[in-house]
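Shown below: query.csv, with CSV, C-alpha atoms.
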```
chain,number,residue,atom,x,y,z
M,1,MET,CA,8.4,-15.0,-10.2
M,2,TYR,CA,5.1,-16.2,-8.6
M,3,GLU,CA,6.5,-19.7,-8.7
M,4,LEU,CA,9.1,-18.7,-6.0
M,5,PHE,CA,6.3,-17.5,-3.8
M,6,GLN,CA,4.4,-20.7,-4.4
M,7,LYS,CA,7.5,-22.7,-3.4
M,8,TYR,CA,7.7,-20.6,-0.2
M,9,LEU,CA,4.1,-21.4,0.6
M,10,ASP,CA,4.6,-25.1,-0.1
M,11,ASP,CA,7.6,-25.1,2.3
M,12,LYS,CA,5.7,-23.3,5.0
M,13,THR,CA,2.2,-24.8,4.9
M,14,THR,CA,-0.1,-27.2,3.2
M,15,LEU,CA,-2.7,-25.7,0.8
M,16,THR,CA,-5.2,-27.2,-1.6
M,17,GLU,CA,-4.9,-26.4,-5.3
M,18,THR,CA,-8.0,-24.3,-4.9
M,19,GLU,CA,-6.5,-22.3,-2.0
M,20,SER,CA,-3.2,-21.8,-3.9
M,21,ALA,CA,-5.1,-20.6,-6.9
M,22,ARG,CA,-7.1,-18.2,-4.8
M,23,ILE,CA,-3.9,-16.7,-3.3
M,24,CYS,CA,-2.3,-16.4,-6.8
M,25,SER,CA,-5.4,-14.6,-8.0
M,26,PHE,CA,-4.7,-11.7,-5.7
M,27,ALA,CA,-1.0,-11.5,-6.3
M,28,ILE,CA,0.5,-8.3,-7.8
M,29,ILE,CA,4.0,-8.6,-9.3
M,30,LYS,CA,6.3,-5.6,-8.6
M,31,LYS,CA,9.8,-5.1,-9.9
M,32,LEU,CA,12.2,-2.5,-8.5
M,33,ARG,CA,15.5,-1.3,-9.9
M,34,LYS,CA,18.4,-0.7,-7.5
M,35,LYS,CA,17.7,2.5,-5.5
M,36,GLN,CA,14.0,2.6,-6.5
M,37,TYR,CA,11.5,3.2,-3.8
M,38,LEU,CA,8.8,0.8,-2.7
M,39,LEU,CA,7.6,3.3,-0.1
M,40,GLN,CA,8.5,6.9,0.6
M,41,GLU,CA,8.1,8.7,3.9
M,42,GLY,CA,4.7,10.5,4.0
M,43,ASP,CA,2.9,7.9,1.8
M,44,ILE,CA,0.4,5.5,3.3
M,45,TRP,CA,1.5,1.8,3.0
M,46,LYS,CA,-1.3,-0.4,1.6
M,47,TYR,CA,0.2,-3.8,0.9
M,48,ASP,CA,1.6,-7.0,2.4
M,49,ALA,CA,4.8,-7.5,0.4
M,50,PHE,CA,6.9,-10.7,-0.1
M,51,ILE,CA,10.3,-10.5,-1.7
M,52,THR,CA,11.1,-13.2,-4.3
M,53,LYS,CA,14.4,-11.6,-5.4
M,54,GLY,CA,16.7,-8.9,-4.2
M,55,CYS,CA,17.4,-6.9,-1.0
M,56,LEU,CA,15.6,-3.9,0.4
M,57,ARG,CA,16.1,-1.6,3.3
M,58,THR,CA,13.7,0.3,5.6
M,59,TYR,CA,15.0,3.5,6.9
M,60,THR,CA,14.3,7.1,8.1
M,61,VAL,CA,16.1,10.3,7.4
M,62,ASP,CA,16.6,12.8,10.2
M,63,GLU,CA,16.5,16.6,10.1
M,64,LYS,CA,20.3,16.6,9.4
M,65,GLY,CA,19.9,14.3,6.4
M,66,SER,CA,21.4,11.3,8.1
M,67,GLU,CA,19.9,7.9,7.3
M,68,HIS,CA,18.9,5.5,10.1
M,69,VAL,CA,18.4,1.9,8.8
M,70,ASN,CA,15.7,0.1,10.7
M,71,SER,CA,15.8,-3.2,8.8
M,72,PHE,CA,17.0,-5.1,5.7
M,73,SER,CA,14.8,-7.7,3.9
M,74,ILE,CA,15.9,-10.3,1.4
M,75,GLU,CA,14.4,-13.2,-0.6
M,76,ASN,CA,11.7,-15.2,1.2
M,77,TRP,CA,11.1,-12.3,3.7
M,78,TRP,CA,8.2,-10.0,4.1
M,79,THR,CA,8.6,-6.2,4.1
M,80,GLY,CA,6.5,-3.1,4.6
M,81,ASP,CA,5.4,-0.6,7.2
M,82,ARG,CA,2.9,-2.4,9.5
M,83,GLU,CA,2.2,0.8,11.5
M,84,SER,CA,1.2,2.7,8.5
M,85,LEU,CA,-0.7,-0.3,7.1
M,86,LEU,CA,-2.8,-0.8,10.2
M,87,SER,CA,-3.3,2.8,11.2
M,88,GLN,CA,-3.6,4.2,7.6
M,89,GLN,CA,-1.4,7.1,8.7
M,90,PRO,CA,1.5,8.4,6.6
M,91,SER,CA,4.6,6.4,6.9
M,92,ARG,CA,7.7,7.8,8.6
M,93,TYR,CA,9.8,5.2,6.7
M,94,ASN,CA,11.4,4.9,3.3
M,95,ILE,CA,11.8,1.4,1.7
M,96,ASP,CA,14.1,1.2,-1.3
M,97,ALA,CA,15.9,-1.5,-3.2
M,98,ILE,CA,19.6,-2.1,-2.5
M,99,GLU,CA,19.6,-4.5,-5.4
M,100,ASP,CA,17.3,-5.0,-8.4
M,101,SER,CA,14.4,-6.7,-6.7
M,102,GLU,CA,11.1,-8.5,-7.4
M,103,LEU,CA,8.1,-8.7,-5.0
M,104,ILE,CA,4.7,-10.1,-4.7
M,105,LEU,CA,2.2,-7.6,-3.3
M,106,PHE,CA,-1.2,-8.1,-1.9
M,107,THR,CA,-3.5,-5.2,-1.1
M,108,HIS,CA,-4.2,-5.4,2.6
M,109,ASP,CA,-7.9,-5.9,2.1
M,110,ASN,CA,-7.2,-8.9,-0.1
M,111,PHE,CA,-4.6,-10.2,2.2
M,112,GLU,CA,-7.0,-10.1,5.2
M,113,LEU,CA,-9.6,-11.8,3.0
M,114,LEU,CA,-7.1,-14.6,2.2
M,115,CYS,CA,-6.3,-15.0,5.9
M,116,ASN,CA,-10.0,-15.3,6.8
M,117,GLU,CA,-10.8,-17.7,4.0
M,118,ILE,CA,-7.7,-20.0,4.3
M,119,PRO,CA,-6.9,-21.1,7.9
M,120,ALA,CA,-3.6,-22.6,6.9
M,121,PHE,CA,-2.4,-19.4,5.3
M,122,ASN,CA,-3.6,-17.4,8.4
M,123,THR,CA,-1.7,-19.8,10.7
M,124,MET,CA,1.5,-19.3,8.6
M,125,ILE,CA,1.2,-15.5,8.7
M,126,ASN,CA,0.6,-15.5,12.5
M,127,THR,CA,3.7,-17.6,13.0
M,128,ILE,CA,5.7,-15.2,10.9
M,129,LEU,CA,4.4,-12.2,12.9
M,130,GLN,CA,5.3,-13.9,16.1
M,131,ARG,CA,8.9,-14.6,14.9
M,132,SER,CA,9.1,-11.0,13.7
M,133,PHE,CA,8.1,-9.7,17.1
M,134,ILE,CA,10.8,-11.9,18.8
M,135,ALA,CA,13.4,-10.7,16.3
M,136,ALA,CA,12.5,-7.1,17.1
M,137,GLN,CA,12.8,-7.7,20.8
M,138,ASN,CA,16.2,-9.3,20.3
M,139,ARG,CA,17.3,-6.3,18.2
M,140,ILE,CA,16.3,-3.8,20.9
M,141,GLN,CA,18.1,-5.8,23.5
M,142,ALA,CA,21.2,-6.0,21.5
M,143,ALA,CA,21.1,-2.2,20.7
M,144,LEU,CA,20.7,-1.4,24.4
M,145,SER,CA,23.2,-3.8,25.9
M,146,PHE,CA,25.8,-5.0,23.4
M,147,THR,CA,29.1,-3.3,22.8
M,148,ALA,CA,29.8,-2.1,19.2
M,149,GLU,CA,31.9,-5.2,18.6
M,150,GLU,CA,29.2,-7.5,20.0
M,151,LYS,CA,26.6,-5.8,17.8
M,152,TYR,CA,28.7,-6.4,14.7
M,153,LEU,CA,29.5,-10.0,15.6
M,154,ASN,CA,25.9,-10.7,16.4
M,155,PHE,CA,24.9,-9.2,13.0
M,156,ILE,CA,27.3,-11.2,10.9
M,157,ASN,CA,26.5,-14.4,12.8
M,158,LYS,CA,22.7,-14.0,12.3
M,159,TYR,CA,23.0,-12.7,8.7
M,160,PRO,CA,26.3,-14.0,7.2
M,161,GLY,CA,25.4,-13.2,3.6
M,162,PHE,CA,24.4,-9.6,4.3
M,163,ALA,CA,28.0,-8.3,4.7
M,164,ILE,CA,28.7,-9.0,1.0
M,165,ARG,CA,25.4,-7.7,-0.3
M,166,ILE,CA,24.9,-4.6,1.7
M,167,PRO,CA,27.1,-1.5,1.7
M,168,GLN,CA,29.1,-1.0,4.9
M,169,THR,CA,27.6,2.5,5.4
M,170,MET,CA,24.2,0.9,5.6
M,171,ILE,CA,25.3,-1.8,7.9
M,172,ALA,CA,26.9,0.8,10.2
M,173,SER,CA,23.6,2.8,10.2
M,174,TYR,CA,21.7,-0.4,11.1
M,175,LEU,CA,24.1,-1.1,14.0
M,176,GLY,CA,23.9,2.5,15.2
M,177,MET,CA,27.6,3.4,14.6
M,178,THR,CA,29.6,5.4,12.3
M,179,PRO,CA,31.2,3.8,9.2
M,180,GLU,CA,34.6,4.5,10.7
M,181,THR,CA,33.8,2.6,13.9
M,182,LEU,CA,32.5,-0.3,11.8
M,183,SER,CA,35.6,-0.3,9.7
M,184,ARG,CA,37.8,-0.4,12.9
M,185,ILE,CA,35.7,-3.2,14.4
M,186,ARG,CA,35.9,-5.3,11.1
M,187,LYS,CA,39.7,-4.9,11.2
M,188,LEU,CA,39.9,-5.9,14.8
M,189,THR,CA,37.7,-9.0,14.4
M,190,ALA,CA,39.6,-10.1,11.2
M,191,LYS,CA,42.8,-10.2,13.3
M,192,LYS,CA,41.2,-12.5,15.9
```

Before we go any further, please render this structure as structure tokens.
Amino acid sequence: MYELFQKYLDDKTTLTETESARICSFAIIKKLRKKQYLLQEGDIWKYDAFITKGCLRTYTVDEKGSEHVNSFSIENWWTGDRESLLSQQPSRYNIDAIEDSELILFTHDNFELLCNEIPAFNTMINTILQRSFIAAQNRIQAALSFTAEEKYLNFINKYPGFAIRIPQTMIASYLGMTPETLSRIRKLTAKK
């Protein structure tokens, strides 16, 4: 499993063998079964997590018991709750596996140590954080200004493989609509 993370690193940056070995020495392998939690609301998130296999979702549950999906994460993506990680306050999110999944975890202290020791790794992480911030801005803009149909079309254009991996109820929650509305939109767009 670590080999997949090493391939990711090799694709994203240039590291010496010593630097690669140092990163590997801090890696913690974690396997999750479908529906198993990586993080539960109220717990403090302590890791930087990379997905080597599977699909996870980050979501909240409101007082009525309705789930609100904040994000999905798949292979070669990072996941976690940065707010809880940095503030060391209890998380308001749940993160669970939509599919059987495998991850590489780093305690945040070790991750910070690696970023300080290995400039190329730090640069790679900063680039990922910048792209993540831009993606979050784009998601907010779409949520505020797109019609329901535009939200769905934007989602399937950006993430074409998600529609076959993720249950429609979760996609509807992510898009801020009911499953019935999503079903109606899917039927309309299939006719076009």

Problem - Residue neighbourhood Leu113 of chain M, 12 Å, all atoms listed in the file, exclusion window fewer than 4 positions, as a ChimeraX atom specification - result: /M:22-23,26,106-109,117-119,121-122

Handout entry: For Ala27 of chain M, the nearest of the candidates M:Glu67, M:Glu75, M:Glu3, M:Asp100, counting only C-alpha atoms
Key =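 Using only C-alpha atoms, the shortest distance to Ala27 of chain M belongs to M:Glu3.
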
Exercise for the section: Grab the atom CA of Glu180 of chain M to atom CA of Lys35 of chain M distance for me, in Å with one decimal place. Expected result: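 Result for atom CA of Glu180 of chain M versus atom CA of Lys35 of chain M: 23.5 Å, one decimal.
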
Practice task
Rounded to one decimal place, report the atom CA of Ile29 of chain M-atom CA of Leu103 of chain M distance in Å.
Solution key: 5.9 Å

Practice task
Choose the residue, out of M:Ile98, M:Leu85, M:Leu105, M:Met170, that has the smallest atom-to-atom separation from Tyr2 of chain M; count only C-alpha atoms.
Solution key: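 The shortest atom-to-atom distance to Tyr2 of chain M comes from M:Leu105.
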
Practice task
For atom CA of His68 of chain M and atom CA of Phe162 of chain M, quote the distance in Å rounded to one decimal.
Solution key: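 Answer for the atom CA of His68 of chain M to atom CA of Phe162 of chain M separation: 17.1 Å.
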
Problem - Proximity to Glu112 of chain M - best of M:Ala163, M:Leu56, M:Leu86, M:Ile74, all atoms listed in the file - result: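 The shortest atom-to-atom distance to Glu112 of chain M comes from M:Leu86.
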
Completion exercise
Of M:Thr60, M:Gln88, M:Asn70, M:Gln168, the one nearest to Ile140 of chain M when counting all atoms listed in the file is M:Asn70

Practice task
Could you check which of M:Thr14, M:Thr147, M:Ser73, M:Thr127 is closest to Gly176 of chain M, using all atoms listed in the file?
Solution key: M:Thr147

Handout entry: Ref. answer, residues at most 10 Å from (29.8, -7.2, 16.8) with all atoms listed in the file, as JSON, numbers by chain
Key = {"M": [142, 146, 147, 148, 149, 150, 151, 152, 153, 154, 155, 156, 157, 175, 182, 185, 186, 189]}

Exercise for the section: Identify which of the residues M:Arg184, M:Lys46, M:Lys31, M:Lys191 lies closest to Phe111 of chain M, counting only C-alpha atoms when measuring atom-to-atom distances. Expected result: M:Lys46

Handout entry: Neighbour residues at most 6 Å from (21.3, -3.2, 9.3) (all atoms listed in the file) as a list in words
Key = Val69, Ser71, Phe72, Ile171, Tyr174 and Leu175 of chain M

Handout entry: Residues near Gln6 of chain M, cut-off 12 Å, only C-alpha atoms, skip fewer than 2 positions along chain, as a ChimeraX atom specification
Key = /M:1-4,8-17,19-24,27,50,52,76,104,121

With the input short on atoms, add all heavy atoms back to segment 127-138 of chain M and write it as a PDB file, in the frame of the given file.
```pdb
ATOM      1  N   THR M 127       2.403 -17.139  12.585  1.00  0.00           N
ATOM      2  CA  THR M 127       3.700 -17.600  13.000  1.00  0.00           C
ATOM      3  C   THR M 127       4.815 -16.682  12.571  1.00  0.00           C
ATOM      4  O   THR M 127       5.731 -16.382  13.347  1.00  0.00           O
ATOM      5  CB  THR M 127       3.957 -19.047  12.405  1.00  0.00           C
ATOM      6  OG1 THR M 127       2.937 -19.927  12.885  1.00  0.00           O
ATOM      7  CG2 THR M 127       5.328 -19.586  12.796  1.00  0.00           C
ATOM      8  N   ILE M 128       4.725 -16.166  11.355  1.00  0.00           N
ATOM      9  CA  ILE M 128       5.700 -15.200  10.900  1.00  0.00           C
ATOM     10  C   ILE M 128       5.687 -13.930  11.710  1.00  0.00           C
ATOM     11  O   ILE M 128       6.743 -13.405  12.087  1.00  0.00           O
ATOM     12  CB  ILE M 128       5.456 -14.884   9.371  1.00  0.00           C
ATOM     13  CG1 ILE M 128       5.771 -16.114   8.521  1.00  0.00           C
ATOM     14  CG2 ILE M 128       6.261 -13.675   8.908  1.00  0.00           C
ATOM     15  CD1 ILE M 128       5.222 -16.059   7.114  1.00  0.00           C
ATOM     16  N   LEU M 129       4.502 -13.438  12.029  1.00  0.00           N
ATOM     17  CA  LEU M 129       4.400 -12.200  12.900  1.00  0.00           C
ATOM     18  C   LEU M 129       4.971 -12.441  14.244  1.00  0.00           C
ATOM     19  O   LEU M 129       5.637 -11.547  14.788  1.00  0.00           O
ATOM     20  CB  LEU M 129       2.932 -11.776  12.942  1.00  0.00           C
ATOM     21  CG  LEU M 129       2.351 -11.187  11.665  1.00  0.00           C
ATOM     22  CD1 LEU M 129       0.845 -10.960  11.809  1.00  0.00           C
ATOM     23  CD2 LEU M 129       3.054  -9.895  11.283  1.00  0.00           C
ATOM     24  N   GLN M 130       4.754 -13.613  14.824  1.00  0.00           N
ATOM     25  CA  GLN M 130       5.300 -13.900  16.100  1.00  0.00           C
ATOM     26  C   GLN M 130       6.845 -13.928  16.086  1.00  0.00           C
ATOM     27  O   GLN M 130       7.514 -13.360  16.960  1.00  0.00           O
ATOM     28  CB  GLN M 130       4.781 -15.249  16.651  1.00  0.00           C
ATOM     29  CG  GLN M 130       3.323 -15.205  17.029  1.00  0.00           C
ATOM     30  CD  GLN M 130       2.734 -16.582  17.273  1.00  0.00           C
ATOM     31  OE1 GLN M 130       3.417 -17.597  17.212  1.00  0.00           O
ATOM     32  NE2 GLN M 130       1.436 -16.617  17.542  1.00  0.00           N
ATOM     33  N   ARG M 131       7.399 -14.557  15.056  1.00  0.00           N
ATOM     34  CA  ARG M 131       8.900 -14.600  14.900  1.00  0.00           C
ATOM     35  C   ARG M 131       9.419 -13.200  14.679  1.00  0.00           C
ATOM     36  O   ARG M 131      10.499 -12.854  15.175  1.00  0.00           O
ATOM     37  CB  ARG M 131       9.257 -15.531  13.772  1.00  0.00           C
ATOM     38  CG  ARG M 131       9.046 -16.987  14.113  1.00  0.00           C
ATOM     39  CD  ARG M 131       9.480 -17.883  12.982  1.00  0.00           C
ATOM     40  NE  ARG M 131       9.210 -19.277  13.324  1.00  0.00           N
ATOM     41  CZ  ARG M 131       9.077 -20.236  12.448  1.00  0.00           C
ATOM     42  NH1 ARG M 131       9.201 -19.981  11.153  1.00  0.00           N
ATOM     43  NH2 ARG M 131       8.838 -21.469  12.833  1.00  0.00           N
ATOM     44  N   SER M 132       8.706 -12.394  13.933  1.00  0.00           N
ATOM     45  CA  SER M 132       9.100 -11.000  13.700  1.00  0.00           C
ATOM     46  C   SER M 132       9.154 -10.214  14.973  1.00  0.00           C
ATOM     47  O   SER M 132      10.074  -9.428  15.218  1.00  0.00           O
ATOM     48  CB  SER M 132       8.183 -10.382  12.658  1.00  0.00           C
ATOM     49  OG  SER M 132       8.519  -9.045  12.433  1.00  0.00           O
ATOM     50  N   PHE M 133       8.163 -10.412  15.810  1.00  0.00           N
ATOM     51  CA  PHE M 133       8.100  -9.700  17.100  1.00  0.00           C
ATOM     52  C   PHE M 133       9.295 -10.120  17.968  1.00  0.00           C
ATOM     53  O   PHE M 133       9.950  -9.271  18.580  1.00  0.00           O
ATOM     54  CB  PHE M 133       6.788 -10.029  17.810  1.00  0.00           C
ATOM     55  CG  PHE M 133       6.656  -9.345  19.133  1.00  0.00           C
ATOM     56  CD1 PHE M 133       6.312  -8.004  19.202  1.00  0.00           C
ATOM     57  CD2 PHE M 133       6.865 -10.035  20.313  1.00  0.00           C
ATOM     58  CE1 PHE M 133       6.192  -7.360  20.427  1.00  0.00           C
ATOM     59  CE2 PHE M 133       6.743  -9.411  21.542  1.00  0.00           C
ATOM     60  CZ  PHE M 133       6.411  -8.070  21.602  1.00  0.00           C
ATOM     61  N   ILE M 134       9.607 -11.399  18.010  1.00  0.00           N
ATOM     62  CA  ILE M 134      10.800 -11.900  18.800  1.00  0.00           C
ATOM     63  C   ILE M 134      12.056 -11.300  18.252  1.00  0.00           C
ATOM     64  O   ILE M 134      12.920 -10.869  19.015  1.00  0.00           O
ATOM     65  CB  ILE M 134      10.781 -13.427  18.806  1.00  0.00           C
ATOM     66  CG1 ILE M 134       9.590 -13.964  19.607  1.00  0.00           C
ATOM     67  CG2 ILE M 134      12.102 -13.955  19.366  1.00  0.00           C
ATOM     68  CD1 ILE M 134       9.339 -15.460  19.426  1.00  0.00           C
ATOM     69  N   ALA M 135      12.194 -11.268  16.925  1.00  0.00           N
ATOM     70  CA  ALA M 135      13.400 -10.700  16.300  1.00  0.00           C
ATOM     71  C   ALA M 135      13.540  -9.217  16.689  1.00  0.00           C
ATOM     72  O   ALA M 135      14.645  -8.732  16.980  1.00  0.00           O
ATOM     73  CB  ALA M 135      13.368 -10.869  14.805  1.00  0.00           C
ATOM     74  N   ALA M 136      12.422  -8.484  16.709  1.00  0.00           N
ATOM     75  CA  ALA M 136      12.500  -7.100  17.100  1.00  0.00           C
ATOM     76  C   ALA M 136      12.871  -6.898  18.545  1.00  0.00           C
ATOM     77  O   ALA M 136      13.679  -6.009  18.873  1.00  0.00           O
ATOM     78  CB  ALA M 136      11.101  -6.415  16.830  1.00  0.00           C
ATOM     79  N   GLN M 137      12.367  -7.761  19.417  1.00  0.00           N
ATOM     80  CA  GLN M 137      12.800  -7.700  20.800  1.00  0.00           C
ATOM     81  C   GLN M 137      14.267  -7.962  20.965  1.00  0.00           C
ATOM     82  O   GLN M 137      14.952  -7.266  21.719  1.00  0.00           O
ATOM     83  CB  GLN M 137      12.014  -8.764  21.638  1.00  0.00           C
ATOM     84  CG  GLN M 137      10.603  -8.407  21.965  1.00  0.00           C
ATOM     85  CD  GLN M 137       9.962  -9.475  22.836  1.00  0.00           C
ATOM     86  OE1 GLN M 137       9.976 -10.654  22.507  1.00  0.00           O
ATOM     87  NE2 GLN M 137       9.398  -9.059  23.945  1.00  0.00           N
ATOM     88  N   ASN M 138      14.770  -8.956  20.252  1.00  0.00           N
ATOM     89  CA  ASN M 138      16.200  -9.300  20.300  1.00  0.00           C
ATOM     90  C   ASN M 138      17.047  -8.134  19.789  1.00  0.00           C
ATOM     91  O   ASN M 138      18.120  -7.837  20.329  1.00  0.00           O
ATOM     92  CB  ASN M 138      16.497 -10.572  19.553  1.00  0.00           C
ATOM     93  CG  ASN M 138      15.938 -11.786  20.257  1.00  0.00           C
ATOM     94  OD1 ASN M 138      15.704 -11.783  21.465  1.00  0.00           O
ATOM     95  ND2 ASN M 138      15.697 -12.845  19.501  1.00  0.00           N
TER      96      ASN M 138
END
```
